[in-house]
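Coordinates as given in structure16.cif (mmCIF, C-alpha atoms):
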data_entry
loop_
_atom_site.label_atom_id
_atom_site.label_comp_id
_atom_site.auth_asym_id
_atom_site.auth_seq_id
_atom_site.Cartn_x
_atom_site.Cartn_y
_atom_site.Cartn_z
CA MET A 1 0.00 0.00 0.00
CA LEU A 2 1.05 3.59 -0.51
CA GLU A 3 3.12 4.97 2.34
CA ARG A 4 0.84 7.18 4.43
CA PRO A 5 1.69 9.80 7.03
CA GLU A 6 1.62 8.50 10.57
CA GLU A 7 -1.11 10.98 11.57
CA HIS A 8 -3.37 9.63 8.82
CA ARG A 9 -2.89 6.07 10.03
CA MET A 10 -3.56 7.13 13.64
CA LEU A 11 -6.77 8.86 12.58
CA GLN A 12 -7.98 5.76 10.76
CA ASP A 13 -7.15 3.63 13.79
CA LEU A 14 -9.17 5.99 16.00
CA VAL A 15 -12.15 5.77 13.66
CA ASN A 16 -11.76 1.97 13.46
CA LYS A 17 -12.07 1.72 17.23
CA PHE A 18 -15.02 4.16 17.28
CA ILE A 19 -16.88 2.10 14.66
CA ASP A 20 -16.18 -1.18 16.48
CA ARG A 21 -16.99 0.09 19.96
CA ASP A 22 -19.78 2.62 19.44
CA VAL A 23 -21.41 2.08 16.04
CA ILE A 24 -21.48 -1.64 15.15
CA PRO A 25 -23.25 -2.51 18.45
CA LEU A 26 -26.17 -0.38 17.21
CA GLU A 27 -26.68 -2.62 14.17
CA LYS A 28 -29.04 -4.92 16.05
CA GLY A 29 -31.47 -2.03 16.65
CA VAL A 30 -31.15 -0.80 13.07
CA LEU A 31 -31.89 -4.28 11.71
CA ALA A 32 -34.86 -4.70 14.08
CA ARG A 33 -36.39 -1.40 12.91
CA GLU A 34 -35.83 -2.36 9.28
CA MET A 35 -37.49 -5.75 9.81
CA SER A 36 -40.51 -4.11 11.46
CA GLY A 37 -40.98 -1.72 8.53
CA GLN A 38 -39.83 1.39 10.39
CA GLY A 39 -36.90 2.04 8.04
CA SER A 40 -33.23 1.51 8.78
CA GLY A 41 -32.55 4.79 10.52
CA LEU A 42 -30.93 5.38 13.88
CA ALA A 43 -32.98 5.97 16.99
CA ALA A 44 -32.77 9.66 17.93
CA GLU A 45 -31.07 8.95 21.25
CA ASP A 46 -28.47 6.72 19.58
CA GLU A 47 -27.65 9.35 16.97
CA ALA A 48 -27.32 12.02 19.68
CA ALA A 49 -24.95 9.77 21.63
CA LEU A 50 -22.79 9.17 18.54
CA LEU A 51 -22.62 12.88 17.73
CA SER A 52 -21.58 13.61 21.31
CA LYS A 53 -18.89 10.93 21.10
CA CYS A 54 -17.63 12.40 17.82
CA LYS A 55 -17.16 15.78 19.48
CA GLU A 56 -15.38 14.12 22.39
CA LEU A 57 -12.99 12.29 20.07
CA GLY A 58 -12.42 15.22 17.73
CA LEU A 59 -14.21 13.47 14.87
CA TRP A 60 -16.19 16.54 13.88
CA GLY A 61 -15.73 18.88 10.94
CA LEU A 62 -12.86 16.77 9.64
CA ASP A 63 -12.71 18.50 6.26
CA VAL A 64 -14.11 21.83 7.42
CA PRO A 65 -11.68 24.77 6.98
CA GLU A 66 -9.94 25.85 10.15
CA GLU A 67 -11.55 29.31 10.03
CA TYR A 68 -14.90 27.58 10.59
CA GLY A 69 -13.64 25.44 13.45
CA GLY A 70 -12.71 22.33 11.49
CA ALA A 71 -9.60 20.20 11.05
CA ASN A 72 -9.24 20.92 7.30
CA LEU A 73 -8.00 17.40 6.63
CA PRO A 74 -6.94 16.42 3.10
CA TYR A 75 -8.79 13.82 1.04
CA ALA A 76 -5.93 11.37 1.60
CA ALA A 77 -6.65 11.40 5.34
CA LEU A 78 -10.42 11.28 4.89
CA ALA A 79 -10.20 8.20 2.65
CA GLY A 80 -9.28 6.08 5.67
CA VAL A 81 -12.12 7.61 7.69
CA TYR A 82 -14.70 6.77 5.03
CA GLU A 83 -13.31 3.26 4.62
CA GLU A 84 -13.88 2.54 8.31
CA GLN A 85 -17.30 4.16 8.18
CA GLY A 86 -18.26 1.80 5.36
CA ARG A 87 -17.80 -1.26 7.59
CA THR A 88 -21.17 -0.83 9.27
CA CYS A 89 -24.75 -0.83 8.05
CA VAL A 90 -25.63 1.83 10.63
CA PRO A 91 -26.56 4.98 8.66
CA PHE A 92 -24.22 7.40 10.38
CA THR A 93 -21.89 9.95 8.80
CA PHE A 94 -19.37 12.27 10.40
CA PRO A 95 -20.87 15.76 10.35
CA PRO A 96 -21.17 17.77 8.26
CA ASP A 97 -21.85 15.89 5.02
CA SER A 98 -18.83 16.69 2.86
CA PRO A 99 -20.05 17.19 -0.75
CA ASN A 100 -22.40 20.13 -0.12
CA LEU A 101 -19.79 21.61 2.19
CA HIS A 102 -17.20 21.69 -0.59
CA MET A 103 -19.64 23.24 -3.06
CA LEU A 104 -20.46 26.02 -0.59
CA ILE A 105 -16.78 26.60 0.16
CA ALA A 106 -16.06 26.89 -3.57
CA VAL A 107 -18.70 29.44 -4.54
CA ALA A 108 -20.56 30.97 -1.57
CA ASN A 109 -20.16 34.74 -1.14
CA ASP A 110 -19.41 36.35 2.23
CA GLU A 111 -23.05 36.71 3.24
CA GLN A 112 -23.88 33.13 2.24
CA ARG A 113 -20.88 31.88 4.16
CA ARG A 114 -22.09 33.63 7.28
CA LYS A 115 -25.73 32.61 6.87
CA TYR A 116 -25.39 29.06 5.57
CA LEU A 117 -21.84 27.71 5.43
CA GLU A 118 -20.76 28.55 8.96
CA PRO A 119 -23.84 27.03 10.71
CA TYR A 120 -23.60 24.02 8.39
CA ALA A 121 -19.92 23.54 9.21
CA ARG A 122 -20.69 23.70 12.93
CA GLY A 123 -23.44 21.08 12.59
CA GLU A 124 -26.13 23.60 13.52
CA ALA A 125 -27.82 23.46 10.10
CA HIS A 126 -28.51 20.72 7.59
CA SER A 127 -28.67 20.79 3.82
CA ALA A 128 -29.79 18.83 0.78
CA ILE A 129 -29.16 19.25 -2.93
CA ALA A 130 -31.75 18.90 -5.71
CA ILE A 131 -30.22 17.91 -9.06
CA SER A 132 -32.03 14.96 -10.67
CA GLU A 133 -35.35 15.33 -12.45
CA PRO A 134 -37.90 12.77 -13.67
CA GLY A 135 -36.54 13.21 -17.19
CA ALA A 136 -32.92 13.96 -16.31
CA GLY A 137 -31.47 11.62 -13.71
CA GLY A 138 -28.10 10.34 -14.90
CA ASP A 139 -27.93 13.27 -17.34
CA PRO A 140 -28.09 16.37 -15.11
CA ALA A 141 -27.20 18.67 -18.01
CA GLY A 142 -30.60 17.77 -19.44
CA MET A 143 -32.48 19.40 -16.53
CA THR A 144 -35.49 21.58 -17.39
CA THR A 145 -36.25 23.24 -14.04
CA ARG A 146 -36.02 26.93 -14.82
CA ALA A 147 -35.35 30.10 -12.84
CA VAL A 148 -36.45 33.45 -14.29
CA ARG A 149 -35.37 36.84 -13.00
CA GLN A 150 -38.24 39.09 -11.94
CA GLY A 151 -37.05 42.37 -10.48
CA GLY A 152 -34.99 41.64 -7.40
CA ASP A 153 -36.06 37.99 -7.22
CA TRP A 154 -35.65 34.71 -9.02
CA VAL A 155 -38.76 32.61 -9.65
CA ILE A 156 -38.16 28.86 -9.88
CA ASN A 157 -40.50 26.39 -11.59
CA GLY A 158 -39.88 22.69 -12.08
CA ARG A 159 -39.67 19.30 -10.46
CA LYS A 160 -36.82 17.44 -8.74
CA ILE A 161 -36.64 13.80 -7.67
CA TRP A 162 -34.45 11.38 -5.67
CA VAL A 163 -33.49 14.13 -3.21
CA SER A 164 -32.11 12.82 0.10
CA ARG A 165 -32.41 14.25 3.64
CA VAL A 166 -35.16 16.73 2.76
CA PRO A 167 -37.07 16.61 6.09
CA GLN A 168 -33.92 17.49 8.04
CA ALA A 169 -32.69 20.16 5.62
CA ASP A 170 -32.78 23.79 6.69
CA PHE A 171 -31.92 24.74 3.11
CA VAL A 172 -31.72 23.01 -0.25
CA ILE A 173 -29.25 23.78 -3.05
CA VAL A 174 -31.45 23.75 -6.16
CA MET A 175 -29.97 23.44 -9.63
CA ALA A 176 -32.00 25.23 -12.31
CA ARG A 177 -31.58 26.52 -15.84
CA THR A 178 -31.33 30.27 -16.50
CA GLY A 179 -30.96 32.11 -19.78
CA GLU A 180 -30.86 30.40 -23.17
CA GLY A 181 -27.85 28.14 -22.68
CA LYS A 182 -28.07 24.50 -23.71
CA ARG A 183 -26.90 21.48 -21.72
CA ALA A 184 -24.38 22.55 -19.04
CA GLU A 185 -24.54 26.18 -20.16
CA GLY A 186 -27.01 28.19 -18.14
CA VAL A 187 -27.20 25.80 -15.15
CA THR A 188 -27.30 27.90 -11.98
CA ALA A 189 -27.41 27.03 -8.28
CA PHE A 190 -29.81 28.62 -5.81
CA ILE A 191 -30.22 28.31 -2.05
CA VAL A 192 -33.86 27.72 -1.11
CA GLU A 193 -34.74 27.74 2.55
CA ARG A 194 -37.23 25.35 4.09
CA GLY A 195 -40.67 26.91 4.25
CA THR A 196 -40.21 29.12 1.19
CA ARG A 197 -43.55 29.58 -0.56
CA GLY A 198 -43.80 27.47 -3.70
CA PHE A 199 -41.30 24.89 -2.39
CA ILE A 200 -43.39 21.74 -2.08
CA ILE A 201 -42.41 18.29 -0.84
CA GLU A 202 -44.57 16.32 -3.26
CA ARG A 203 -43.95 12.82 -1.91
CA GLU A 204 -41.65 10.52 0.01
CA ILE A 205 -40.18 7.65 -2.00
CA PRO A 206 -39.14 4.55 0.00
CA MET A 207 -35.90 3.06 -1.34
CA LEU A 208 -33.95 -0.15 -0.82
CA GLY A 209 -32.41 -0.61 2.59
CA GLY A 210 -35.01 1.49 4.37
CA GLN A 211 -33.68 4.71 2.87
CA ARG A 212 -35.97 7.58 1.88
CA THR A 213 -35.76 10.06 -0.97
CA TYR A 214 -38.19 12.80 -1.97
CA GLU A 215 -39.80 14.39 -4.99
CA LEU A 216 -39.93 18.19 -4.86
CA VAL A 217 -42.07 20.62 -6.83
CA PHE A 218 -41.26 24.29 -7.34
CA GLU A 219 -44.33 26.34 -8.25
CA ASP A 220 -43.48 30.01 -8.71
CA CYS A 221 -40.99 29.58 -5.89
CA ARG A 222 -39.65 33.09 -5.36
CA VAL A 223 -36.24 33.66 -3.78
CA PRO A 224 -34.26 36.89 -3.45
CA ALA A 225 -31.42 37.52 -5.92
CA SER A 226 -29.05 37.10 -2.97
CA GLN A 227 -29.91 33.37 -2.94
CA LEU A 228 -28.11 32.73 -6.21
CA LEU A 229 -25.12 30.55 -5.34
CA GLY A 230 -21.97 31.29 -7.31
CA VAL A 231 -22.16 32.81 -10.79
CA GLU A 232 -25.28 32.85 -12.94
CA GLY A 233 -25.05 30.24 -15.67
CA LYS A 234 -21.87 28.75 -14.17
CA GLY A 235 -23.32 26.30 -11.65
CA TYR A 236 -22.51 23.09 -13.48
CA ALA A 237 -18.79 22.98 -12.62
CA PRO A 238 -19.29 23.52 -8.84
CA MET A 239 -22.01 20.86 -8.95
CA GLN A 240 -19.54 18.48 -10.61
CA LEU A 241 -17.01 19.30 -7.86
CA ARG A 242 -19.58 18.19 -5.33
CA LEU A 243 -20.27 15.00 -7.28
CA THR A 244 -16.54 14.25 -7.55
CA VAL A 245 -16.15 14.52 -3.77
CA ARG A 246 -19.03 12.09 -3.26
CA ARG A 247 -17.75 9.61 -5.85
CA VAL A 248 -14.35 9.28 -4.17
CA GLN A 249 -16.16 8.96 -0.85
CA ILE A 250 -18.33 6.17 -2.26
CA GLY A 251 -15.21 4.31 -3.40
CA ALA A 252 -13.81 4.42 0.13
CA TRP A 253 -17.14 3.30 1.59
CA CYS A 254 -17.11 0.35 -0.80
CA VAL A 255 -13.67 -0.70 0.45
CA GLY A 256 -15.07 -0.73 3.99
CA ILE A 257 -18.23 -2.59 3.01
CA SER A 258 -16.18 -5.19 1.16
CA ARG A 259 -13.77 -5.60 4.08
CA ARG A 260 -16.66 -6.29 6.44
CA ALA A 261 -18.25 -8.78 4.04
CA LEU A 262 -14.93 -10.54 3.51
CA ASP A 263 -14.26 -10.73 7.25
CA MET A 264 -17.72 -12.22 7.84
CA MET A 265 -17.24 -14.72 5.00
CA VAL A 266 -13.83 -15.84 6.27
CA GLU A 267 -15.01 -16.29 9.85
CA HIS A 268 -18.10 -18.21 8.80
CA THR A 269 -16.43 -20.52 6.28
CA LYS A 270 -13.72 -21.49 8.78
CA GLN A 271 -16.43 -22.75 11.14
CA ARG A 272 -19.09 -24.09 8.81
CA VAL A 273 -18.77 -27.79 7.89
CA THR A 274 -20.74 -29.38 5.07
CA PHE A 275 -20.42 -32.92 3.71
CA GLY A 276 -17.57 -33.48 6.17
CA GLN A 277 -15.44 -30.55 5.01
CA ARG A 278 -15.03 -26.93 6.09
CA LEU A 279 -16.32 -24.43 3.55
CA ALA A 280 -12.95 -22.66 3.84
CA ASP A 281 -11.26 -25.76 2.42
CA ARG A 282 -13.29 -25.70 -0.77
CA GLN A 283 -11.64 -24.21 -3.82
CA ALA A 284 -14.69 -22.15 -4.86
CA ILE A 285 -14.73 -20.41 -1.48
CA GLN A 286 -10.96 -19.90 -1.50
CA TRP A 287 -11.17 -18.22 -4.90
CA TRP A 288 -13.93 -15.91 -3.66
CA ILE A 289 -11.75 -14.96 -0.71
CA ALA A 290 -8.61 -14.48 -2.80
CA ASP A 291 -10.40 -12.43 -5.46
CA ALA A 292 -12.04 -10.28 -2.78
CA ALA A 293 -8.70 -9.53 -1.09
CA VAL A 294 -7.08 -8.62 -4.44
CA LYS A 295 -9.94 -6.36 -5.48
CA ILE A 296 -10.15 -4.61 -2.11
CA HIS A 297 -6.43 -3.86 -2.30
CA ALA A 298 -6.78 -2.55 -5.85
CA CYS A 299 -9.76 -0.37 -5.01
CA ARG A 300 -8.06 1.06 -1.94
CA LEU A 301 -5.08 2.09 -4.09
CA MET A 302 -7.45 3.68 -6.61
CA VAL A 303 -9.13 5.67 -3.85
CA TYR A 304 -5.83 6.96 -2.48
CA ASP A 305 -4.56 7.78 -5.96
CA ALA A 306 -7.65 9.94 -6.61
CA ALA A 307 -7.46 11.50 -3.14
CA ILE A 308 -3.77 12.41 -3.43
CA LYS A 309 -4.30 13.92 -6.88
CA ALA A 310 -7.31 15.91 -5.60
CA ASP A 311 -5.22 17.22 -2.70
CA ALA A 312 -2.66 18.38 -5.28
CA GLY A 313 -5.35 20.35 -7.09
CA GLN A 314 -5.55 18.06 -10.10
CA ASP A 315 -8.71 17.38 -12.10
CA VAL A 316 -9.78 13.91 -10.91
CA ARG A 317 -13.13 13.58 -12.64
CA THR A 318 -11.95 10.54 -14.58
CA GLU A 319 -10.32 8.93 -11.54
CA ALA A 320 -13.46 9.62 -9.48
CA SER A 321 -15.61 7.93 -12.12
CA MET A 322 -13.26 4.93 -12.15
CA VAL A 323 -13.32 4.67 -8.36
CA LYS A 324 -17.10 4.92 -8.20
CA LEU A 325 -17.59 2.41 -11.00
CA TYR A 326 -15.04 -0.15 -9.79
CA GLY A 327 -15.83 0.23 -6.10
CA THR A 328 -19.59 -0.28 -6.37
CA GLU A 329 -19.31 -3.25 -8.72
CA MET A 330 -16.57 -4.80 -6.57
CA ALA A 331 -18.62 -4.45 -3.39
CA THR A 332 -21.69 -5.89 -5.14
CA GLU A 333 -19.74 -9.03 -6.01
CA ILE A 334 -18.04 -9.48 -2.63
CA VAL A 335 -21.21 -8.95 -0.59
CA ASP A 336 -23.07 -11.35 -2.88
CA HIS A 337 -20.41 -14.03 -2.42
CA ALA A 338 -20.53 -13.52 1.34
CA MET A 339 -24.31 -13.95 1.30
CA GLN A 340 -23.92 -17.11 -0.81
CA ALA A 341 -21.33 -18.54 1.58
CA PHE A 342 -23.74 -18.06 4.51
CA GLY A 343 -26.48 -19.95 2.66
CA ALA A 344 -30.01 -19.27 3.92
CA MET A 345 -28.67 -17.16 6.79
CA GLY A 346 -27.01 -14.92 4.21
CA VAL A 347 -30.39 -13.72 2.97
CA ALA A 348 -31.95 -13.47 6.42
CA LYS A 349 -32.67 -9.98 7.69
CA GLU A 350 -30.92 -10.80 10.96
CA LEU A 351 -27.52 -10.23 9.35
CA PRO A 352 -26.20 -6.86 8.17
CA LEU A 353 -25.29 -8.39 4.80
CA GLN A 354 -28.76 -7.77 3.39
CA LEU A 355 -28.65 -4.07 4.26
CA MET A 356 -25.11 -3.84 2.87
CA ALA A 357 -26.28 -5.48 -0.36
CA GLN A 358 -29.16 -3.05 -0.69
CA LYS A 359 -26.93 -0.07 0.03
CA VAL A 360 -24.40 -1.14 -2.59
CA ARG A 361 -27.17 -1.70 -5.12
CA THR A 362 -28.37 1.88 -4.74
CA MET A 363 -24.76 3.13 -4.97
CA ARG A 364 -24.52 1.69 -8.48
CA VAL A 365 -27.25 4.14 -9.49
CA TYR A 366 -26.91 7.38 -7.53
CA GLU A 367 -24.17 9.93 -8.20
CA GLY A 368 -24.14 8.59 -11.76
CA PRO A 369 -24.99 5.00 -12.80
CA SER A 370 -22.21 2.66 -13.84
CA GLU A 371 -23.13 2.90 -17.52
CA VAL A 372 -22.85 6.70 -17.53
CA HIS A 373 -19.45 6.53 -15.84
CA ARG A 374 -18.23 4.04 -18.43
CA MET A 375 -19.40 6.41 -21.14
CA ALA A 376 -17.70 9.40 -19.48
CA ILE A 377 -14.41 7.53 -18.96
CA ALA A 378 -14.37 6.34 -22.58
CA ARG A 379 -15.16 9.80 -23.95
CA ARG A 380 -12.32 11.39 -22.02
CA ILE A 381 -9.86 8.71 -23.10
CA ILE A 382 -10.95 8.93 -26.73
CA GLY A 383 -10.83 12.73 -26.55
CA LYS A 384 -7.21 12.61 -25.43
#
Rendering of file as structure tokens:
Amino acid sequence: MLERPEEHRMLQDLVNKFIDRDVIPLEKGVLAREMSGQGSGLAAEDEAALLSKCKELGLWGLDVPEEYGGANLPYAALAGVYEEQGRTCVPFTFPPDSPNLHMLIAVANDEQRRKYLEPYARGEAHSAIAISEPGAGGDPAGMTTRAVRQGGDWVINGRKIWVSRVPQADFVIVMARTGEGKRAEGVTAFIVERGTRGFIIEREIPMLGGQRTYELVFEDCRVPASQLLGVEGKGYAPMQLRLTVRRVQIGAWCVGISRRALDMMVEHTKQRVTFGQRLADRQAIQWWIADAAVKIHACRLMVYDAAIKADAGQDVRTEASMVKLYGTEMATEIVDHAMQAFGAMGVAKELPLQLMAQKVRTMRVYEGPSEVHRMAIARRIIGK
């Protein structure tokens, strides 16, 4: 593996212990709620306890700039954090959620930083982002939601779908088209606060793994001109920055998910005896284990390569697409093999494997489906 600074390894070790000691024990409650149809969320008291523990351990605002009270850690350090976080099916992330943070850091003006970024960085406010539309999911440049300038306001009309964390969000970053630009040209970001007239939560959409997304409608939703985020007509690139951050993060999560699945498979197959022989002694199982170890190692190196290049200020859109594509498909295979090795227990809802499988399945779709990433990678290579 790439040689990493000692402080990065110490941070990952700290997070490893936090996940083992404080988070994984909560899986039983998460699985019980999911089995009873209540979703796979954390109980409020458990989430509050984890947030308190994060503050105690210094695991708060890890990539938040120092001027906002954070640690301003590089991607190369965060990769290890996200890998450990991926080892559990408990839906917990270290606050604040990184992608929206980086978009705000990149383009928010002074007033927006004071009003939105600073409370968000401190964990006092929550956000969501609305990009996808019923007719433009994996192709965000095809969005039709439109914002029109009327005096000192912008009026937004359109529909967004597959938006996460809407009920908790104090504000939503809404991507809309302005002017006459086609495709990426003319895409502009706006900050819309919860409760704004014309901002309608149309419906909740239950997803795999107990997750929830939402469909939003904007009907003559009027926001002041000061709510425009960044530069008019230039919102596509900052949005892509946000997506790149998430894609590298997903790759690291997939390493953690795959590690957990592999560990469970190894432990089980060493103990399980069928037809007078341990499963671990069967060649098919050994090949699953060997292939999983090789692919986890390869994916981890891909994640760190993208992270180190991003820290150096390089354009890592291609690397991020590769990481997201390879990581999600790798984790799909490894979790599936682990489930197969467990037999009937592998598809029982008592084990975290089923939630991990569902989570990985959704990852292959959101933040760009695998097919779109293959297309993007090929186009950039051909273009070179």
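Put simply, the PyMOL selection byres ((chain A and resi 59) around 10) in this file takes in A:Leu11, A:Leu14, A:Val15, A:Phe18, A:Leu51, A:Ser52, A:Lys53, A:Cys54, A:Lys55, A:Glu56, A:Leu57, A:Gly58, A:Trp60, A:Gly61, A:Leu62, A:Gly70, A:Ala71, A:Val81, A:Phe94, A:Pro95.
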Output of the PyMOL selection byres ((chain A and resi 319) around 9), listed as a short mmCIF file (atom, residue, chain, number, x, y, z; two decimals) with C-alpha atoms, keeping the file's coordinate frame:
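Final file, result_6.cif:
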data_model
loop_
_atom_site.label_atom_id
_atom_site.label_comp_id
_atom_site.auth_asym_id
_atom_site.auth_seq_id
_atom_site.Cartn_x
_atom_site.Cartn_y
_atom_site.Cartn_z
CA VAL A 248 -14.35 9.28 -4.17
CA MET A 302 -7.45 3.68 -6.61
CA VAL A 303 -9.13 5.67 -3.85
CA ASP A 305 -4.56 7.78 -5.96
CA ALA A 306 -7.65 9.94 -6.61
CA ASP A 315 -8.71 17.38 -12.10
CA VAL A 316 -9.78 13.91 -10.91
CA ARG A 317 -13.13 13.58 -12.64
CA THR A 318 -11.95 10.54 -14.58
CA ALA A 320 -13.46 9.62 -9.48
CA SER A 321 -15.61 7.93 -12.12
CA MET A 322 -13.26 4.93 -12.15
CA VAL A 323 -13.32 4.67 -8.36
CA LYS A 324 -17.10 4.92 -8.20
CA ILE A 377 -14.41 7.53 -18.96
#
Please write out, as AutoDock Vina command-line options, where the centre of an axis-aligned box around all listed atoms of segment 124-130 of chain A lies and how long its edges are, in Å to one decimal, after adding 8 Å on each side.
--center_x -28.9 --center_y 21.2 --center_z 3.9 --size_x 21.6 --size_y 20.8 --size_z 35.2
Quick one: everything within 6 Å of segment 82-87 of chain A, counting all atoms listed in the file, minus sequence neighbours fewer than 3 positions away in the same chain. Send it as a PDB file with C-alpha atoms, keeping the file's coordinate frame.
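This went into selection.pdb:
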ATOM      1  CA  ASN A  16     -11.760   1.970  13.460  1.00  0.00           C
ATOM      2  CA  ALA A  79     -10.200   8.200   2.650  1.00  0.00           C
ATOM      3  CA  ALA A 252     -13.810   4.420   0.130  1.00  0.00           C
ATOM      4  CA  TRP A 253     -17.140   3.300   1.590  1.00  0.00           C
ATOM      5  CA  VAL A 255     -13.670  -0.700   0.450  1.00  0.00           C
ATOM      6  CA  GLY A 256     -15.070  -0.730   3.990  1.00  0.00           C
ATOM      7  CA  ILE A 257     -18.230  -2.590   3.010  1.00  0.00           C
ATOM      8  CA  ARG A 260     -16.660  -6.290   6.440  1.00  0.00           C
TER       9      ARG A 260
END
Problem - Pick from A:Gly343, A:Gly230, A:Pro5, A:Pro91, whichever lies nearest to Val107 of chain A using only C-alpha atoms - result: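 Among A:Gly343, A:Gly230, A:Pro5, A:Pro91, it is A:Gly230 that comes nearest to Val107 of chain A.
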Exercise for the section: Evaluate the PyMOL selection byres ((chain A and resi 234) around 8) and record the selected residues as a ChimeraX atom specification, following the chain and residue labels used in the document. Expected result: /A:185-188,230-233,235-238
Problem - Nearest residue to Lys28 of chain A from the set A:Glu180, A:Glu367, A:Glu350, A:Glu204 (distances using all atoms listed in the file) - result: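 Between A:Glu180, A:Glu367, A:Glu350, A:Glu204, the residue approaching Lys28 of chain A most closely is A:Glu350.
With all atoms listed in the file as the atoms that count, the residue of A:Phe92, A:Arg361, A:Ala130, A:Val273 with the shortest distance to Ala44 of chain A is A:Phe92.
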Practice task
Considering all atoms listed in the file, state which residue in the set A:Met264, A:Ile296, A:Ile200, A:Ala147 is at the smallest distance from Ala225 of chain A.
Solution key: A:Ala147
Fill in the blank from the handout: For Ala376 of chain A, the closest of A:Ile191, A:Leu325, A:Leu279, A:Ile19 counting all atoms listed in the file is A:Leu325
Exercise for the section: For atom CA of Glu67 of chain A and atom CA of Pro167 of chain A, quote the distance in Å rounded to one decimal. Expected result: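 It comes out at 28.8 Å.
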Handout entry: Among the residues A:Glu7, A:Asp220, A:Asp170, A:Glu371, the one that comes closest to Arg149 of chain A [using only C-alpha atoms]
Key =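 Counting only C-alpha atoms, the residue closest to Arg149 of chain A is A:Asp220.
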Exercise for the section: Please determine the residues with any atom at most 9 Å from (-23.0, 10.3, -14.3) (coordinates as given in the file, with all atoms listed in the file counting) and report them as a list in words. Expected result: Gly137, Gly138, Asp139, Pro140, Leu243, Ser321, Val365, Tyr366, Glu367, Gly368, Pro369, Ser370, Glu371, Val372, His373, Arg374, Met375 and Ala376 of chain A
For the residues in that selection, give me C-alpha atoms as a short mmCIF file (atom, residue, chain, number, x, y, z; two decimals), in the frame of the given file.
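Wrote result.cif, looks like this:
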data_model
loop_
_atom_site.label_atom_id
_atom_site.label_comp_id
_atom_site.auth_asym_id
_atom_site.auth_seq_id
_atom_site.Cartn_x
_atom_site.Cartn_y
_atom_site.Cartn_z
CA GLY A 137 -31.47 11.62 -13.71
CA GLY A 138 -28.10 10.34 -14.90
CA ASP A 139 -27.93 13.27 -17.34
CA PRO A 140 -28.09 16.37 -15.11
CA LEU A 243 -20.27 15.00 -7.28
CA SER A 321 -15.61 7.93 -12.12
CA VAL A 365 -27.25 4.14 -9.49
CA TYR A 366 -26.91 7.38 -7.53
CA GLU A 367 -24.17 9.93 -8.20
CA GLY A 368 -24.14 8.59 -11.76
CA PRO A 369 -24.99 5.00 -12.80
CA SER A 370 -22.21 2.66 -13.84
CA GLU A 371 -23.13 2.90 -17.52
CA VAL A 372 -22.85 6.70 -17.53
CA HIS A 373 -19.45 6.53 -15.84
CA ARG A 374 -18.23 4.04 -18.43
CA MET A 375 -19.40 6.41 -21.14
CA ALA A 376 -17.70 9.40 -19.48
#
